[in-house]
>>> print(open('run38.txt').read())   # compact mmCIF, C-alpha atoms
# COMPACT_ATOMS: atom_id res chain seq x y z
CA MET A 4 27.11 38.95 137.30
CA THR A 5 29.94 37.68 139.48
CA TRP A 6 32.97 39.98 139.40
CA ASN A 7 36.24 38.49 138.22
CA ILE A 8 38.79 39.88 140.70
CA ALA A 9 42.49 39.29 140.00
CA HIS A 10 44.14 38.32 143.31
CA ARG A 11 47.27 40.46 143.74
CA GLY A 12 46.71 41.40 140.11
CA GLY A 13 46.60 37.75 139.02
CA ALA A 14 49.55 36.19 140.84
CA GLY A 15 49.44 33.05 138.74
CA LEU A 16 50.03 35.02 135.54
CA ARG A 17 52.29 37.99 136.28
CA PRO A 18 54.54 39.06 139.20
CA GLU A 19 52.16 39.71 142.07
CA ASN A 20 51.24 43.16 143.31
CA THR A 21 53.16 44.93 140.53
CA LEU A 22 51.99 47.42 137.93
CA LYS A 23 52.60 44.80 135.25
CA ALA A 24 50.17 42.45 136.99
CA PHE A 25 47.46 45.08 137.38
CA ALA A 26 47.87 46.29 133.81
CA HIS A 27 47.59 42.69 132.61
CA ALA A 28 44.40 42.21 134.64
CA ILE A 29 42.94 45.32 133.01
CA ALA A 30 43.93 44.01 129.57
CA LEU A 31 42.26 40.65 130.33
CA GLY A 32 39.01 42.48 131.00
CA CYS A 33 38.85 41.66 134.71
CA ASP A 34 36.31 43.51 136.79
CA GLY A 35 38.97 44.50 139.29
CA ALA A 36 41.97 43.46 141.30
CA GLU A 37 42.76 42.74 144.92
CA LEU A 38 45.96 44.22 146.30
CA ASP A 39 47.75 44.44 149.66
CA VAL A 40 48.88 47.73 151.16
CA GLN A 41 51.38 48.65 153.87
CA LEU A 42 53.27 51.76 154.94
CA SER A 43 56.89 52.42 154.02
CA ALA A 44 59.24 54.07 156.52
CA ASP A 45 58.51 57.44 154.93
CA GLY A 46 54.74 56.99 155.05
CA VAL A 47 54.03 55.98 151.46
CA VAL A 48 51.18 53.50 151.00
CA VAL A 49 52.94 50.72 149.12
CA VAL A 50 51.57 47.56 147.52
CA HIS A 51 53.13 44.39 148.90
CA HIS A 52 51.78 41.28 150.60
CA ASP A 53 54.38 40.13 153.13
CA PHE A 54 55.54 42.28 156.04
CA ARG A 55 59.08 41.56 154.85
CA LEU A 56 60.52 41.36 151.36
CA ASN A 57 59.95 37.85 150.05
CA PRO A 58 63.24 36.09 149.16
CA ALA A 59 61.37 33.72 146.85
CA TYR A 60 60.96 36.50 144.29
CA ALA A 61 62.81 39.61 145.51
CA ARG A 62 66.21 40.36 144.00
CA LYS A 63 68.74 43.11 144.40
CA ASN A 64 71.55 43.55 141.88
CA GLY A 65 70.40 40.34 140.22
CA ALA A 66 70.65 38.13 143.31
CA TRP A 67 67.72 36.72 145.26
CA LEU A 68 67.71 37.78 148.88
CA ALA A 69 69.22 35.57 151.55
CA GLY A 70 68.71 35.45 155.30
CA GLU A 71 65.96 37.41 157.02
CA PRO A 72 64.83 40.16 154.63
CA ALA A 73 64.09 43.72 155.70
CA ARG A 74 60.68 44.74 156.95
CA ILE A 75 58.62 46.86 154.56
CA LYS A 76 57.96 49.44 157.26
CA ASP A 77 61.70 49.93 157.87
CA LEU A 78 62.53 50.99 154.30
CA GLY A 79 61.65 54.19 152.47
CA PHE A 80 59.80 54.01 149.17
CA ALA A 81 62.93 54.76 147.13
CA ALA A 82 64.80 51.92 148.86
CA LEU A 83 61.90 49.52 148.27
CA LYS A 84 61.90 50.31 144.56
CA ALA A 85 65.49 49.08 144.33
CA PHE A 86 64.26 45.48 144.51
CA ASP A 87 63.27 43.55 141.39
CA LEU A 88 60.19 41.36 142.01
CA GLY A 89 59.77 40.16 138.47
CA ARG A 90 61.05 36.59 138.61
CA PRO A 91 60.63 33.81 141.21
CA GLU A 92 63.76 32.01 142.29
CA PRO A 93 63.94 28.80 140.23
CA GLY A 94 63.10 25.75 142.30
CA SER A 95 61.44 27.72 145.09
CA ASP A 96 58.07 26.72 146.49
CA TYR A 97 56.71 29.97 145.10
CA ALA A 98 57.90 29.11 141.59
CA ARG A 99 56.32 25.66 141.83
CA GLN A 100 53.04 27.17 143.01
CA HIS A 101 52.94 29.55 140.04
CA PRO A 102 54.10 27.46 137.07
CA ASP A 103 52.36 29.64 134.46
CA LEU A 104 53.71 32.96 135.74
CA VAL A 105 55.31 35.02 132.98
CA PRO A 106 58.40 36.77 134.43
CA VAL A 107 58.77 40.51 133.94
CA GLU A 108 62.25 41.85 134.50
CA GLY A 109 62.37 45.09 136.46
CA ALA A 110 58.95 44.78 138.14
CA ARG A 111 59.01 46.95 141.26
CA ILE A 112 56.94 47.60 144.38
CA PRO A 113 54.40 50.26 143.37
CA SER A 114 52.58 52.78 145.49
CA LEU A 115 48.82 52.54 145.88
CA ALA A 116 48.61 55.87 144.04
CA ASP A 117 50.51 54.31 141.10
CA VAL A 118 47.95 51.51 140.86
CA ALA A 119 44.97 53.83 141.20
CA ALA A 120 46.33 55.91 138.31
CA LEU A 121 46.48 53.03 135.82
CA PRO A 122 44.20 53.73 132.86
CA SER A 123 41.36 51.34 132.08
CA PRO A 124 38.84 51.39 129.23
CA ARG A 125 36.12 50.09 131.56
CA PRO A 126 35.35 50.38 135.28
CA PHE A 127 38.06 48.58 137.24
CA ARG A 128 37.49 48.01 140.96
CA LEU A 129 40.26 47.90 143.51
CA LEU A 130 39.90 45.66 146.55
CA VAL A 131 42.40 47.34 148.84
CA GLU A 132 43.48 44.96 151.60
CA LEU A 133 44.73 46.82 154.66
CA LYS A 134 47.64 44.53 155.51
CA SER A 135 47.98 44.82 159.28
CA SER A 136 47.90 42.54 162.29
CA GLY A 137 49.34 42.20 165.77
CA ASP A 138 52.70 41.23 164.27
CA PRO A 139 55.51 43.63 165.33
CA ALA A 140 56.40 43.94 161.64
CA SER A 141 52.98 45.39 160.86
CA ALA A 142 52.09 49.03 160.50
CA ASP A 143 49.64 50.52 162.97
CA PRO A 144 46.18 49.58 161.59
CA VAL A 145 44.64 53.00 162.15
CA ALA A 146 47.58 54.86 160.60
CA LEU A 147 47.49 52.50 157.61
CA ALA A 148 43.76 52.93 157.16
CA ASP A 149 44.05 56.72 157.34
CA ALA A 150 46.87 56.78 154.80
CA ALA A 151 45.12 54.39 152.39
CA PHE A 152 41.90 56.39 152.65
CA GLU A 153 43.74 59.59 151.76
CA VAL A 154 45.06 57.95 148.59
CA MET A 155 41.69 56.50 147.57
CA LYS A 156 39.26 59.20 148.76
CA ASN A 157 38.78 60.45 145.21
CA HIS A 158 38.26 56.90 143.92
CA LEU A 159 35.70 55.62 146.44
CA GLU A 160 33.18 54.71 143.75
CA ARG A 161 35.49 51.89 142.62
CA THR A 162 37.18 51.04 145.92
CA LEU A 163 36.36 48.24 148.34
CA PHE A 164 38.45 48.17 151.49
CA VAL A 165 39.01 44.63 152.77
CA GLY A 166 41.09 43.02 155.48
CA PHE A 167 41.40 40.49 158.27
CA ASP A 168 42.30 43.23 160.75
CA TRP A 169 38.90 44.80 161.30
CA ARG A 170 40.39 47.70 163.29
CA GLY A 171 41.49 49.28 160.01
CA LEU A 172 38.08 48.79 158.41
CA ALA A 173 36.41 50.36 161.45
CA GLN A 174 38.67 53.38 160.97
CA ILE A 175 37.67 53.66 157.31
CA LYS A 176 34.01 53.64 158.34
CA LYS A 177 34.74 56.30 160.95
CA ARG A 178 36.34 58.48 158.28
CA ALA A 179 33.68 57.85 155.63
CA PRO A 180 30.53 55.90 156.50
CA ASP A 181 29.72 55.55 152.80
CA ALA A 182 33.08 53.93 151.96
CA CYS A 183 32.61 50.27 151.01
CA CYS A 184 34.19 47.76 153.40
CA TRP A 185 34.12 43.98 153.07
CA PHE A 186 35.22 42.21 156.25
CA THR A 187 37.54 39.30 155.48
CA THR A 188 37.42 36.00 157.36
CA ASP A 189 39.67 32.96 157.27
CA LYS A 190 38.15 29.45 157.26
CA LEU A 191 35.60 29.50 160.06
CA ALA A 192 35.31 26.55 162.43
CA GLY A 193 31.69 26.99 163.46
CA ASP A 194 28.44 28.79 162.70
CA VAL A 195 28.97 31.83 160.50
CA VAL A 196 25.83 33.62 161.68
CA PRO A 197 27.37 35.23 164.80
CA VAL A 198 30.24 36.48 162.62
CA LEU A 199 27.82 37.97 160.11
CA ASP A 200 25.88 39.65 162.90
CA PHE A 201 29.10 41.10 164.33
CA ILE A 202 30.43 42.50 161.08
CA LYS A 203 27.05 43.91 160.11
CA ALA A 204 26.88 45.72 163.45
CA ALA A 205 30.41 47.02 162.79
CA GLY A 206 29.26 48.63 159.54
CA ALA A 207 30.29 46.01 156.99
CA ASP A 208 28.96 46.30 153.46
CA GLY A 209 30.16 42.83 152.55
CA TRP A 210 31.60 39.55 153.77
CA PHE A 211 34.80 38.29 152.15
CA PRO A 212 35.26 34.68 153.30
CA GLN A 213 37.60 31.86 152.43
CA HIS A 214 35.85 30.14 149.54
CA ARG A 215 35.02 26.93 151.40
CA ASP A 216 32.71 28.88 153.71
CA VAL A 217 30.54 30.01 150.80
CA THR A 218 27.44 27.83 150.55
CA GLN A 219 23.84 28.43 149.60
CA ALA A 220 22.99 28.73 153.31
CA THR A 221 25.78 31.17 154.20
CA ILE A 222 25.04 33.34 151.18
CA ALA A 223 21.37 33.44 152.20
CA ALA A 224 22.36 34.43 155.73
CA ALA A 225 24.60 37.21 154.40
CA ARG A 226 21.98 38.45 151.93
CA SER A 227 19.36 38.59 154.70
CA ARG A 228 21.70 41.03 156.45
CA SER A 229 22.15 43.09 153.27
CA LEU A 230 25.77 41.99 152.92
CA GLN A 231 27.50 41.42 149.61
CA VAL A 232 29.62 38.27 149.36
CA GLY A 233 32.97 37.65 147.69
CA ALA A 234 35.23 34.62 148.00
CA TRP A 235 39.01 34.20 148.11
CA THR A 236 41.24 32.68 146.67
CA VAL A 237 39.68 30.42 144.06
CA ASN A 238 42.08 28.80 141.58
CA GLN A 239 40.44 25.49 140.65
CA VAL A 240 37.92 25.39 137.80
CA PRO A 241 35.37 23.11 139.55
CA GLU A 242 35.27 25.47 142.54
CA MET A 243 34.86 28.44 140.22
CA ALA A 244 31.88 26.69 138.64
CA ARG A 245 30.33 25.92 142.04
CA LEU A 246 30.63 29.51 143.22
CA ILE A 247 29.32 31.02 139.99
CA ALA A 248 26.24 28.84 140.33
CA LEU A 249 25.69 30.32 143.78
CA LYS A 250 25.61 33.82 142.24
CA LEU A 251 27.94 35.45 144.71
CA ASP A 252 29.18 38.97 144.01
CA ALA A 253 32.90 38.38 143.44
CA ILE A 254 35.48 35.64 143.02
CA CYS A 255 39.08 36.53 143.80
CA THR A 256 41.55 34.36 141.90
CA ASP A 257 45.20 34.05 140.94
CA ARG A 258 43.94 32.77 137.56
CA PRO A 259 41.45 35.32 136.24
CA ASP A 260 42.06 33.89 132.77
CA LEU A 261 40.43 30.61 133.82
CA LEU A 262 37.51 32.41 135.42
CA LYS A 263 37.16 34.46 132.25
CA THR A 264 36.28 31.31 130.30
CA PHE A 265 33.00 31.04 132.23
CA GLU A 266 32.07 34.57 131.17
CA GLN A 267 32.86 33.67 127.56
CA ARG A 268 30.59 30.58 127.76
CA GLY A 269 27.72 32.61 129.21
>>> encode(input="run38.txt", output="C-alpha cells")
Amino acid sequence: MTWNIAHRGGAGLRPENTLKAFAHAIALGCDGAELDVQLSADGVVVVHHDFRLNPAYARKNGAWLAGEPARIKDLGFAALKAFDLGRPEPGSDYARQHPDLVPVEGARIPSLADVAALPSPRPFRLLVELKSSGDPASADPVALADAAFEVMKNHLERTLFVGFDWRGLAQIKKRAPDACCWFTTDKLAGDVVPVLDFIKAAGADGWFPQHRDVTQATIAAARSRSLQVGAWTVNQVPEMARLIALKLDAICTDRPDLLKTFEQRG
C-alpha cells in the first residue's frame, strides 16, 4: 500500500506545520506527515518551513508581518510562539494557492517534541525534513541533525529523516546506522542512476524525488538498489492516480483528503 503522507501536515487543509494540521492529518487517517525542522536561537528543534517567518501567514498582535521578517534561528522558542500562523493574509499568493485551507486562530510554531507527542489511534509516521542549506539563514546541518535525532531517538520506528541537504542525513547515519533516511532530490535534469548510486553508497534507505521523476523505469532502478521511493508534492488527482498505479511507497501531498479517496475506492 502507498502511504498517504500529509505535506506539512496537509497545507491545503489546515495551517501548515502546526499542531492543528498534524492532528487533522491523524484524524483523517493519514499514514503520516512530513514536517520541516530548524533550530531556534535557544537550541529548540522547531517546526517551520522557511528560514524566516513568512509574512503571508505570520501575524503578531493581529497584524501580518511587514518588511523582512526575522530569521528563525535568531529567535528563542518563546519568542517564536508569539506569532499566530493560523490565517493567510487575504489576497496573498499563499492564500490563492490554498483556497480550501480552514483558518485556525492561534496556531503557533510547535517544537518537534510537541508533534512527536501527539496521540494517534494507529501508527503515524513522521517524515522529518532537516531544513538546512548553504543559506546564511540556515542552521548548521550537523547541529540540526544531532538535535533532531535527540528528539526522535525514542521514536525511530516511525521516523524517516529526509532532506535536500545530505550532510544532515549523513550525520544521522553516523549517529544511528539503523535510522531510516530518504534522500530528497529536486527535479533532475539527466539520468537518475548516478544519483541513486551515490545516495545508496551514502547509506540511503530511500529516494524522495520530485514527483515528475517517478516513472516505472526510475522506480525499477531504485528497487534494484533496495531503495524505497516516495514522491513530493502531489496535489493533482490524475498524478495521484498515476503514482498509485506505479506502487511507490509514499505520496506526499498538501491534499491528503483527495488521496484518501483512492484508498476508499480500493
>>> closest_atom_pairs(input="run38.txt", of="segment 12-60 of chain A", to="segment 151-173 of chain A", cutoff="9 Å", atoms="all atoms listed in the file", output="Markdown table")
| residue | atom | partner | partner_atom | distance |
| --- | --- | --- | --- | --- |
| A:Gly35 | CA | A:Arg161 | CA | 8.8 |
| A:Glu37 | CA | A:Val165 | CA | 8.9 |
| A:Asp39 | CA | A:Gly166 | CA | 9.0 |
| A:Val40 | CA | A:Ala151 | CA | 7.7 |
| A:Gln41 | CA | A:Ala151 | CA | 8.6 |
| A:Leu42 | CA | A:Ala151 | CA | 8.9 |
| A:Val48 | CA | A:Ala151 | CA | 6.3 |
>>> closest_residue(input="run38.txt", among="A:Ala24, A:Ala119, A:Val217, A:Leu249", to="Pro106 of chain A", atoms="only C-alpha atoms")
A:Ala24
>>> closest_residue(input="run38.txt", among="A:Leu121, A:Ala61, A:Cys33, A:Val145", to="Glu108 of chain A", atoms="only C-alpha atoms")
A:Ala61
>>> closest_residue(input="run38.txt", among="A:Gly46, A:Pro72, A:Gly209, A:Pro102", to="Gly233 of chain A", atoms="all atoms listed in the file")
A:Gly209
>>> closest_residue(input="run38.txt", among="A:Ala81, A:Ala148, A:Leu246, A:Ala224", to="Asp194 of chain A", atoms="all atoms listed in the file")
A:Ala224
>>> atom_distance(input="run38.txt", atom1="atom CA of Gly15 of chain A", atom2="atom CA of His101 of chain A")
5.1 Å
>>> atom_distance(input="run38.txt", atom1="atom CA of Val196 of chain A", atom2="atom CA of Lys250 of chain A")
19.4 Å
>>> atom_distance(input="run38.txt", atom1="atom CA of Pro113 of chain A", atom2="atom CA of Ala26 of chain A")
12.2 Å
>>> closest_residue(input="run38.txt", among="A:Ala220, A:Ala66, A:Ala225, A:Val131", to="Ala9 of chain A", atoms="all atoms listed in the file")
A:Val131
>>> closest_residue(input="run38.txt", among="A:Val49, A:Leu68, A:Leu261, A:Val105", to="Lys84 of chain A", atoms="all atoms listed in the file")
A:Val49
>>> residues_around(input="run38.txt", residues="Glu71 of chain A", least_positions_apart="6", cutoff="12 Å", atoms="only C-alpha atoms", output="VMD selection string")
chain A and resid 54 to 59
>>> residues_around(input="run38.txt", residues="Cys255 of chain A", least_positions_apart="2", cutoff="7 Å", atoms="only C-alpha atoms", output="number ranges by chain")
A: 7-10, 234-237, 253
>>> build_atoms(input="run38.txt", residues="segment 94-119 of chain A", atoms="N, CA and C atoms", output="PDB file, in the frame of the given file")
ATOM      1  N   GLY A  94      63.088  26.832 141.330  1.00  0.00           N
ATOM      2  CA  GLY A  94      63.100  25.750 142.300  1.00  0.00           C
ATOM      3  C   GLY A  94      62.457  26.083 143.630  1.00  0.00           C
ATOM      4  N   SER A  95      62.082  27.328 143.832  1.00  0.00           N
ATOM      5  CA  SER A  95      61.440  27.720 145.090  1.00  0.00           C
ATOM      6  C   SER A  95      60.007  27.214 145.136  1.00  0.00           C
ATOM      7  N   ASP A  96      59.467  27.108 146.351  1.00  0.00           N
ATOM      8  CA  ASP A  96      58.070  26.720 146.490  1.00  0.00           C
ATOM      9  C   ASP A  96      57.173  27.698 145.735  1.00  0.00           C
ATOM     10  N   TYR A  97      57.524  28.963 145.783  1.00  0.00           N
ATOM     11  CA  TYR A  97      56.710  29.970 145.100  1.00  0.00           C
ATOM     12  C   TYR A  97      56.695  29.702 143.589  1.00  0.00           C
ATOM     13  N   ALA A  98      57.839  29.392 143.025  1.00  0.00           N
ATOM     14  CA  ALA A  98      57.900  29.110 141.590  1.00  0.00           C
ATOM     15  C   ALA A  98      57.066  27.889 141.234  1.00  0.00           C
ATOM     16  N   ARG A  99      57.111  26.865 142.091  1.00  0.00           N
ATOM     17  CA  ARG A  99      56.320  25.660 141.830  1.00  0.00           C
ATOM     18  C   ARG A  99      54.821  25.934 141.945  1.00  0.00           C
ATOM     19  N   GLN A 100      54.453  26.844 142.817  1.00  0.00           N
ATOM     20  CA  GLN A 100      53.040  27.170 143.010  1.00  0.00           C
ATOM     21  C   GLN A 100      52.484  28.039 141.885  1.00  0.00           C
ATOM     22  N   HIS A 101      53.364  28.663 141.108  1.00  0.00           N
ATOM     23  CA  HIS A 101      52.940  29.550 140.040  1.00  0.00           C
ATOM     24  C   HIS A 101      53.623  29.165 138.722  1.00  0.00           C
ATOM     25  N   PRO A 102      53.353  27.963 138.230  1.00  0.00           N
ATOM     26  CA  PRO A 102      54.100  27.460 137.070  1.00  0.00           C
ATOM     27  C   PRO A 102      53.827  28.224 135.780  1.00  0.00           C
ATOM     28  N   ASP A 103      52.708  28.924 135.688  1.00  0.00           N
ATOM     29  CA  ASP A 103      52.360  29.640 134.460  1.00  0.00           C
ATOM     30  C   ASP A 103      52.688  31.130 134.529  1.00  0.00           C
ATOM     31  N   LEU A 104      53.357  31.547 135.596  1.00  0.00           N
ATOM     32  CA  LEU A 104      53.710  32.960 135.740  1.00  0.00           C
ATOM     33  C   LEU A 104      54.707  33.374 134.669  1.00  0.00           C
ATOM     34  N   VAL A 105      54.410  34.467 133.994  1.00  0.00           N
ATOM     35  CA  VAL A 105      55.310  35.020 132.980  1.00  0.00           C
ATOM     36  C   VAL A 105      56.212  36.054 133.658  1.00  0.00           C
ATOM     37  N   PRO A 106      57.518  35.813 133.757  1.00  0.00           N
ATOM     38  CA  PRO A 106      58.400  36.770 134.430  1.00  0.00           C
ATOM     39  C   PRO A 106      58.427  38.122 133.709  1.00  0.00           C
ATOM     40  N   VAL A 107      58.648  39.159 134.485  1.00  0.00           N
ATOM     41  CA  VAL A 107      58.770  40.510 133.940  1.00  0.00           C
ATOM     42  C   VAL A 107      59.960  41.165 134.620  1.00  0.00           C
ATOM     43  N   GLU A 108      61.053  41.262 133.905  1.00  0.00           N
ATOM     44  CA  GLU A 108      62.250  41.850 134.500  1.00  0.00           C
ATOM     45  C   GLU A 108      61.988  43.317 134.874  1.00  0.00           C
ATOM     46  N   GLY A 109      62.478  43.695 136.040  1.00  0.00           N
ATOM     47  CA  GLY A 109      62.370  45.090 136.460  1.00  0.00           C
ATOM     48  C   GLY A 109      61.042  45.465 137.086  1.00  0.00           C
ATOM     49  N   ALA A 110      60.219  44.482 137.461  1.00  0.00           N
ATOM     50  CA  ALA A 110      58.950  44.780 138.140  1.00  0.00           C
ATOM     51  C   ALA A 110      59.255  45.234 139.569  1.00  0.00           C
ATOM     52  N   ARG A 111      58.686  46.332 139.969  1.00  0.00           N
ATOM     53  CA  ARG A 111      59.010  46.950 141.260  1.00  0.00           C
ATOM     54  C   ARG A 111      57.791  47.029 142.169  1.00  0.00           C
ATOM     55  N   ILE A 112      58.025  47.338 143.432  1.00  0.00           N
ATOM     56  CA  ILE A 112      56.940  47.600 144.380  1.00  0.00           C
ATOM     57  C   ILE A 112      56.326  48.956 144.014  1.00  0.00           C
ATOM     58  N   PRO A 113      55.034  48.983 143.692  1.00  0.00           N
ATOM     59  CA  PRO A 113      54.400  50.260 143.370  1.00  0.00           C
ATOM     60  C   PRO A 113      53.769  50.898 144.607  1.00  0.00           C
ATOM     61  N   SER A 114      53.416  52.141 144.477  1.00  0.00           N
ATOM     62  CA  SER A 114      52.580  52.780 145.490  1.00  0.00           C
ATOM     63  C   SER A 114      51.118  52.521 145.145  1.00  0.00           C
ATOM     64  N   LEU A 115      50.256  52.659 146.140  1.00  0.00           N
ATOM     65  CA  LEU A 115      48.820  52.540 145.880  1.00  0.00           C
ATOM     66  C   LEU A 115      48.378  53.615 144.888  1.00  0.00           C
ATOM     67  N   ALA A 116      48.943  54.802 144.989  1.00  0.00           N
ATOM     68  CA  ALA A 116      48.610  55.870 144.040  1.00  0.00           C
ATOM     69  C   ALA A 116      48.969  55.477 142.612  1.00  0.00           C
ATOM     70  N   ASP A 117      50.108  54.777 142.440  1.00  0.00           N
ATOM     71  CA  ASP A 117      50.510  54.310 141.100  1.00  0.00           C
ATOM     72  C   ASP A 117      49.445  53.377 140.522  1.00  0.00           C
ATOM     73  N   VAL A 118      48.947  52.474 141.340  1.00  0.00           N
ATOM     74  CA  VAL A 118      47.950  51.510 140.860  1.00  0.00           C
ATOM     75  C   VAL A 118      46.639  52.221 140.536  1.00  0.00           C
ATOM     76  N   ALA A 119      46.224  53.108 141.424  1.00  0.00           N
ATOM     77  CA  ALA A 119      44.970  53.830 141.200  1.00  0.00           C
ATOM     78  C   ALA A 119      44.998  54.650 139.918  1.00  0.00           C
TER      79      ALA A 119
END
